[in-house]
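Notes follow the structure.
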Amino acid sequence: MFRLYDSRLSGNSWKVRILLSQLGIAYQRITLDLEKGDTRATGFQKISRFSRIPVLELEDGRTIVESGAILMFLAEGSLFLPSDPYLRAEVASWLFFEQADLQRAIAFPRVYHLRGLADKMSQQIESFQQHGYVGLEKLDQWLKGRNWLVADRYSLADIAVFSYVSMASQGGYEMDRFPSVGEWILRVKEQPGWIDLLDDTASPS
Ligand SMILES: N[C@@H](CCC(=O)N[C@@H](CS)C(=O)NCC(=O)O)C(=O)O
């Protein structure tokens, strides 16, 4: 059985848990406490070369780090990852875009807000948001007149981009500015097997 190392509020881990749920794959969930510094423990560094979650551990003990790599591995051979090379590249391009243009820009303001540091970190939040708003604008433009990110079919690309974008308002982003993104978020949430961030019942191990 797969083992997933995650944390309760991690959007990168949430992506993986949504896909595992939608694929109906059983796994064991090990939830770390990031505020306590669990990822910096020596034992964990052997599991994750970057000392970060999520990490997927295979039955033979090998591990995969980076949410995008885990998603690609799990989705292989499923409808979530097209077999056509061009469409696979399109999916990958959204995974890279999410990491470069959206993930940190949304995650850091969110963490500052959740930890009660929003006032103290207001300048950093503004700087992250300037970057994040550019990415969100590009996403909104792409989604105008489209249901899904790639080939008008729900795929890994939607799962990967959805996670942090759907939580951006927790970091102070004004999401009313992006109506097509808002409609797409609702469509993603309606997909069979979709799970809420805090759903603890969905790891069928
Ligand atoms: N690019 C990585 C980012 C992973 C990441 O930022 N993980 C955070 C939680 S969402 C983490 O482990 N932070 C703990 C730390 O940096 O000490 C991925 O997509 O998996």
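If you're wondering about the labels, chains in the structure tokens are A, B, ... by order shown, residues count from 1 in each chain, ligands from 1 in order shown.
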
**Asked** Neighbours of ligand 1 within 8 Å, counting only C-alpha atoms and all ligand atoms, as a list in words?
**Response** Asp6, Ser7, Leu9, Ser10, Gly11, Asn12, Ser13, Leu34, Gly37, Asp38, Thr39, Arg40, Ser51, Arg52, Ile53, Pro54, Val55, Val65, Glu66, Ser67, Gly68, Gln99, Arg104 and Ala107 of chain A

Write a file of the just-selected residues containing N, CA and C atoms, as a CSV table (one decimal), in the first residue's frame.
```
chain,number,residue,atom,x,y,z
A,6,ASP,N,2.0,13.9,4.6
A,6,ASP,CA,1.4,15.2,4.3
A,6,ASP,C,1.3,16.1,5.5
A,7,SER,N,0.6,17.2,5.4
A,7,SER,CA,0.2,18.0,6.6
A,7,SER,C,-1.3,18.4,6.4
A,9,LEU,N,-3.0,21.1,6.5
A,9,LEU,CA,-3.5,22.3,5.7
A,9,LEU,C,-2.7,22.5,4.4
A,10,SER,N,-1.9,21.5,4.0
A,10,SER,CA,-1.0,21.7,2.8
A,10,SER,C,-1.8,21.5,1.5
A,11,GLY,N,-1.8,22.6,0.7
A,11,GLY,CA,-2.5,22.5,-0.6
A,11,GLY,C,-1.8,21.5,-1.5
A,12,ASN,N,-0.4,21.5,-1.4
A,12,ASN,CA,0.3,20.5,-2.3
A,12,ASN,C,-0.1,19.1,-2.0
A,13,SER,N,-0.3,18.8,-0.7
A,13,SER,CA,-0.7,17.5,-0.3
A,13,SER,C,-2.2,17.2,-0.7
A,34,LEU,N,3.9,20.8,10.6
A,34,LEU,CA,4.9,21.7,10.1
A,34,LEU,C,5.4,22.8,11.1
A,37,GLY,N,8.0,21.6,13.2
A,37,GLY,CA,9.3,21.3,12.5
A,37,GLY,C,9.5,19.9,12.2
A,38,ASP,N,8.4,19.1,12.0
A,38,ASP,CA,8.5,17.7,11.7
A,38,ASP,C,9.3,17.4,10.4
A,39,THR,N,9.2,18.4,9.5
A,39,THR,CA,9.9,18.1,8.2
A,39,THR,C,11.4,18.3,8.3
A,40,ARG,N,11.9,18.9,9.4
A,40,ARG,CA,13.3,19.1,9.5
A,40,ARG,C,14.0,18.0,10.4
A,51,SER,N,13.2,17.9,2.3
A,51,SER,CA,12.6,18.1,3.6
A,51,SER,C,11.3,18.8,3.6
A,52,ARG,N,10.5,18.4,2.6
A,52,ARG,CA,9.1,18.9,2.5
A,52,ARG,C,8.1,17.8,2.2
A,53,ILE,N,6.9,18.1,2.5
A,53,ILE,CA,5.8,17.3,2.1
A,53,ILE,C,5.1,17.9,0.9
A,54,PRO,N,4.4,17.2,0.1
A,54,PRO,CA,4.0,15.8,0.2
A,54,PRO,C,5.2,14.9,-0.3
A,55,VAL,N,5.1,13.7,0.3
A,55,VAL,CA,6.0,12.6,-0.2
A,55,VAL,C,5.2,11.3,-0.3
A,65,VAL,N,9.1,12.7,-4.4
A,65,VAL,CA,8.9,14.1,-3.8
A,65,VAL,C,8.4,15.0,-4.9
A,66,GLU,N,7.8,16.1,-4.5
A,66,GLU,CA,7.2,17.1,-5.4
A,66,GLU,C,5.8,16.7,-5.9
A,67,SER,N,4.9,17.5,-5.5
A,67,SER,CA,3.5,17.2,-5.8
A,67,SER,C,3.2,16.8,-7.2
A,68,GLY,N,3.8,17.6,-8.1
A,68,GLY,CA,3.6,17.4,-9.6
A,68,GLY,C,4.1,16.1,-10.0
A,99,GLN,N,3.3,25.9,-10.3
A,99,GLN,CA,4.4,26.0,-9.3
A,99,GLN,C,5.1,27.4,-9.5
A,104,ARG,N,3.5,29.6,-4.7
A,104,ARG,CA,4.2,30.3,-3.6
A,104,ARG,C,3.5,31.6,-3.4
A,107,ALA,N,0.4,30.6,-1.5
A,107,ALA,CA,0.7,29.8,-0.2
A,107,ALA,C,1.2,30.8,0.9
```

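Neighbours of region 122-125 of chain A closer than or equal to 12 Å, with only C-alpha atoms counted and sequence neighbours fewer than 5 positions away skipped, come out as Arg104, Ala105, Ile106, Ala107, Phe108, Pro109, Arg110, Val111, Tyr112, His113, Gly116, Leu117, Gln130, His131, Gly132, Tyr133, Ala168, Gln170, Gly171, Gly172 and Tyr173 of chain A.
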
May I have the residues from that selection written out with N, CA and C atoms, as a CSV table (one decimal), in the first residue's frame?
```csv
chain,number,residue,atom,x,y,z
A,104,ARG,N,3.5,29.6,-4.7
A,104,ARG,CA,4.2,30.3,-3.6
A,104,ARG,C,3.5,31.6,-3.4
A,105,ALA,N,3.1,32.3,-4.5
A,105,ALA,CA,2.4,33.6,-4.4
A,105,ALA,C,1.1,33.5,-3.6
A,106,ILE,N,0.5,32.3,-3.7
A,106,ILE,CA,-0.8,32.2,-2.9
A,106,ILE,C,-0.5,31.5,-1.5
A,107,ALA,N,0.4,30.6,-1.5
A,107,ALA,CA,0.7,29.8,-0.2
A,107,ALA,C,1.2,30.8,0.9
A,108,PHE,N,2.2,31.6,0.5
A,108,PHE,CA,2.8,32.4,1.6
A,108,PHE,C,1.8,33.4,2.2
A,109,PRO,N,1.1,34.2,1.5
A,109,PRO,CA,0.1,35.1,2.1
A,109,PRO,C,-0.9,34.3,2.9
A,110,ARG,N,-1.3,33.1,2.4
A,110,ARG,CA,-2.3,32.2,3.2
A,110,ARG,C,-1.7,31.8,4.5
A,111,VAL,N,-0.5,31.4,4.5
A,111,VAL,CA,0.2,30.9,5.8
A,111,VAL,C,0.3,32.1,6.7
A,112,TYR,N,0.7,33.3,6.2
A,112,TYR,CA,0.8,34.5,7.1
A,112,TYR,C,-0.6,34.8,7.7
A,113,HIS,N,-1.6,34.7,6.9
A,113,HIS,CA,-3.0,35.0,7.5
A,113,HIS,C,-3.4,33.9,8.5
A,116,GLY,N,-1.8,34.3,11.9
A,116,GLY,CA,-2.0,35.6,12.5
A,116,GLY,C,-0.8,36.6,12.3
A,117,LEU,N,-0.1,36.4,11.2
A,117,LEU,CA,1.0,37.3,10.9
A,117,LEU,C,0.8,38.3,9.8
A,130,GLN,N,1.2,40.8,-5.8
A,130,GLN,CA,1.4,41.4,-7.2
A,130,GLN,C,1.7,40.4,-8.2
A,131,HIS,N,2.6,39.4,-7.8
A,131,HIS,CA,3.0,38.3,-8.7
A,131,HIS,C,1.8,37.4,-8.9
A,132,GLY,N,1.1,37.1,-7.8
A,132,GLY,CA,0.0,36.1,-7.9
A,132,GLY,C,-1.2,36.6,-8.8
A,133,TYR,N,-1.4,37.9,-8.7
A,133,TYR,CA,-2.6,38.5,-9.5
A,133,TYR,C,-2.3,38.3,-11.0
A,168,ALA,N,-7.1,30.9,-2.4
A,168,ALA,CA,-6.4,32.2,-2.5
A,168,ALA,C,-7.0,33.3,-1.6
A,170,GLN,N,-8.1,33.0,1.3
A,170,GLN,CA,-7.5,32.9,2.6
A,170,GLN,C,-6.3,33.7,2.8
A,171,GLY,N,-5.6,34.1,1.7
A,171,GLY,CA,-4.4,34.9,1.8
A,171,GLY,C,-4.7,36.3,1.4
A,172,GLY,N,-6.0,36.7,1.4
A,172,GLY,CA,-6.4,38.1,1.1
A,172,GLY,C,-6.6,38.4,-0.4
A,173,TYR,N,-6.5,37.4,-1.2
A,173,TYR,CA,-6.8,37.7,-2.7
A,173,TYR,C,-8.3,38.0,-2.9
```

**Message:** DSSP on the backbone, helix (DSSP H, G or I) only: what residues of region 75-188 of chain A does that give? Format it as JSON, numbers by chain.
**Reply:** {"A": [75, 85, 86, 87, 88, 89, 90, 91, 92, 93, 94, 95, 96, 97, 98, 99, 100, 101, 102, 103, 104, 105, 106, 107, 108, 109, 110, 111, 112, 113, 114, 122, 123, 124, 125, 126, 127, 128, 129, 130, 131, 132, 133, 134, 135, 136, 137, 138, 139, 140, 141, 142, 143, 156, 157, 158, 159, 160, 161, 162, 163, 164, 165, 166, 168, 169, 170, 171, 175, 176, 177, 179, 180, 181, 182, 183, 184, 185, 186, 187, 188]}

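Compared by their closest atoms to Arg3 (chain A), and using only C-alpha atoms, the residues A:Glu35, A:Arg177, A:Phe50, A:Leu56 rank with A:Leu56 nearest.
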
Pick out the residues sitting within 6 Å of Phe2 (chain A), and hand them over as a PDB file with N, CA and C atoms, in the first residue's frame; count only C-alpha atoms, and ignore anything fewer than 6 positions along from it in its own chain.
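The result, stored in around01.pdb:
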```
ATOM      1  N   TYR A  27      -4.458   4.122   0.662  1.00  0.00           N
ATOM      2  CA  TYR A  27      -3.130   4.559   1.099  1.00  0.00           C
ATOM      3  C   TYR A  27      -3.147   4.813   2.594  1.00  0.00           C
ATOM      4  N   GLU A  57       5.418   7.349  -0.580  1.00  0.00           N
ATOM      5  CA  GLU A  57       6.316   6.207  -0.401  1.00  0.00           C
ATOM      6  C   GLU A  57       5.667   4.982  -1.030  1.00  0.00           C
ATOM      7  N   LEU A  58       6.427   4.320  -1.893  1.00  0.00           N
ATOM      8  CA  LEU A  58       5.905   3.132  -2.574  1.00  0.00           C
ATOM      9  C   LEU A  58       6.085   1.906  -1.680  1.00  0.00           C
ATOM     10  N   GLU A  59       5.475   0.813  -2.079  1.00  0.00           N
ATOM     11  CA  GLU A  59       5.543  -0.394  -1.237  1.00  0.00           C
ATOM     12  C   GLU A  59       6.961  -0.898  -1.047  1.00  0.00           C
TER      13      GLU A  59
END
```

**Request:** Name the residues in contact with Tyr86 (chain A) at a cut-off of 12 Å, using only C-alpha atoms, excluding same-chain residues fewer than 5 positions from it; report them as a PyMOL selection string.
**Result:** chain A and resi 81+91-93+150-151

Output the selection as a PDB file, in the first residue's frame - N, CA and C atoms for each residue.
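Produced file result.pdb, reproduced below:
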```pdb
ATOM      1  N   LEU A  81      -4.622  11.665 -17.080  1.00  0.00           N
ATOM      2  CA  LEU A  81      -3.396  12.037 -17.805  1.00  0.00           C
ATOM      3  C   LEU A  81      -3.495  11.476 -19.219  1.00  0.00           C
ATOM      4  N   VAL A  91      -0.755  19.266 -20.166  1.00  0.00           N
ATOM      5  CA  VAL A  91      -1.003  19.051 -18.730  1.00  0.00           C
ATOM      6  C   VAL A  91       0.226  19.484 -17.939  1.00  0.00           C
ATOM      7  N   ALA A  92       1.404  19.026 -18.396  1.00  0.00           N
ATOM      8  CA  ALA A  92       2.641  19.371 -17.679  1.00  0.00           C
ATOM      9  C   ALA A  92       2.839  20.883 -17.636  1.00  0.00           C
ATOM     10  N   SER A  93       2.472  21.569 -18.712  1.00  0.00           N
ATOM     11  CA  SER A  93       2.687  23.027 -18.736  1.00  0.00           C
ATOM     12  C   SER A  93       1.865  23.710 -17.649  1.00  0.00           C
ATOM     13  N   VAL A 150      -7.324  21.627 -20.091  1.00  0.00           N
ATOM     14  CA  VAL A 150      -6.726  20.930 -21.241  1.00  0.00           C
ATOM     15  C   VAL A 150      -7.787  20.103 -21.964  1.00  0.00           C
ATOM     16  N   ALA A 151      -7.887  20.293 -23.264  1.00  0.00           N
ATOM     17  CA  ALA A 151      -8.707  19.454 -24.159  1.00  0.00           C
ATOM     18  C   ALA A 151     -10.164  19.366 -23.711  1.00  0.00           C
TER      19      ALA A 151
END
```

**Message:** So, with only C-alpha atoms as the atoms that count, which of A:Ile47, A:Leu149, A:Leu87, A:Ala69 lies closest to Lys15 (chain A)?
**Reply:** A:Ala69

**Request:** Do a neighbour search on Gly193 (chain A) at 10 Å with only C-alpha atoms, toss out local chain neighbours closer than 5 positions, and write the hits as a count of residues only.
**Result:** 8

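Using only C-alpha atoms, the protein and nucleic acid residues lying no more than 12 Å from Glu183 (chain A), apart from those fewer than 6 places from it along its own chain, are Asp140, Leu143, Lys144, Gly145, Arg146, Asn147, Trp148, Phe162, Ser166, Met175, Asp176, Lys189 and Glu190 of chain A.
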
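Between CA of Ala157 (chain A) and CA of Glu90 (chain A) the interatomic distance comes to 8.3 Å.
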
**Minimum-distance residue to Ser48 (chain A), chosen among A:Ser83, A:Thr63, A:Ser169, A:Gln191 (using only C-alpha atoms)** = A:Thr63

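One finds CA of Leu79 (chain A) at 27.3 Å from CA of Ile30 (chain A).
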
**Request:** From the DSSP assignment of the backbone, select every residue of region 3-196 of chain A that is strand (DSSP E or B), and format the answer as an MDAnalysis selection string.
**Result:** chainID A and resid 3:7 27:32 55:57 63:65 150 153

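If you measure from each of A:Ile64, A:Ala100, A:Ile185, A:Ala160 to Val16 (chain A) using only C-alpha atoms, the closest one turns out to be A:Ala160.
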
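CA of Ile70 (chain A) is positioned 24.4 Å from CA of Leu186 (chain A).
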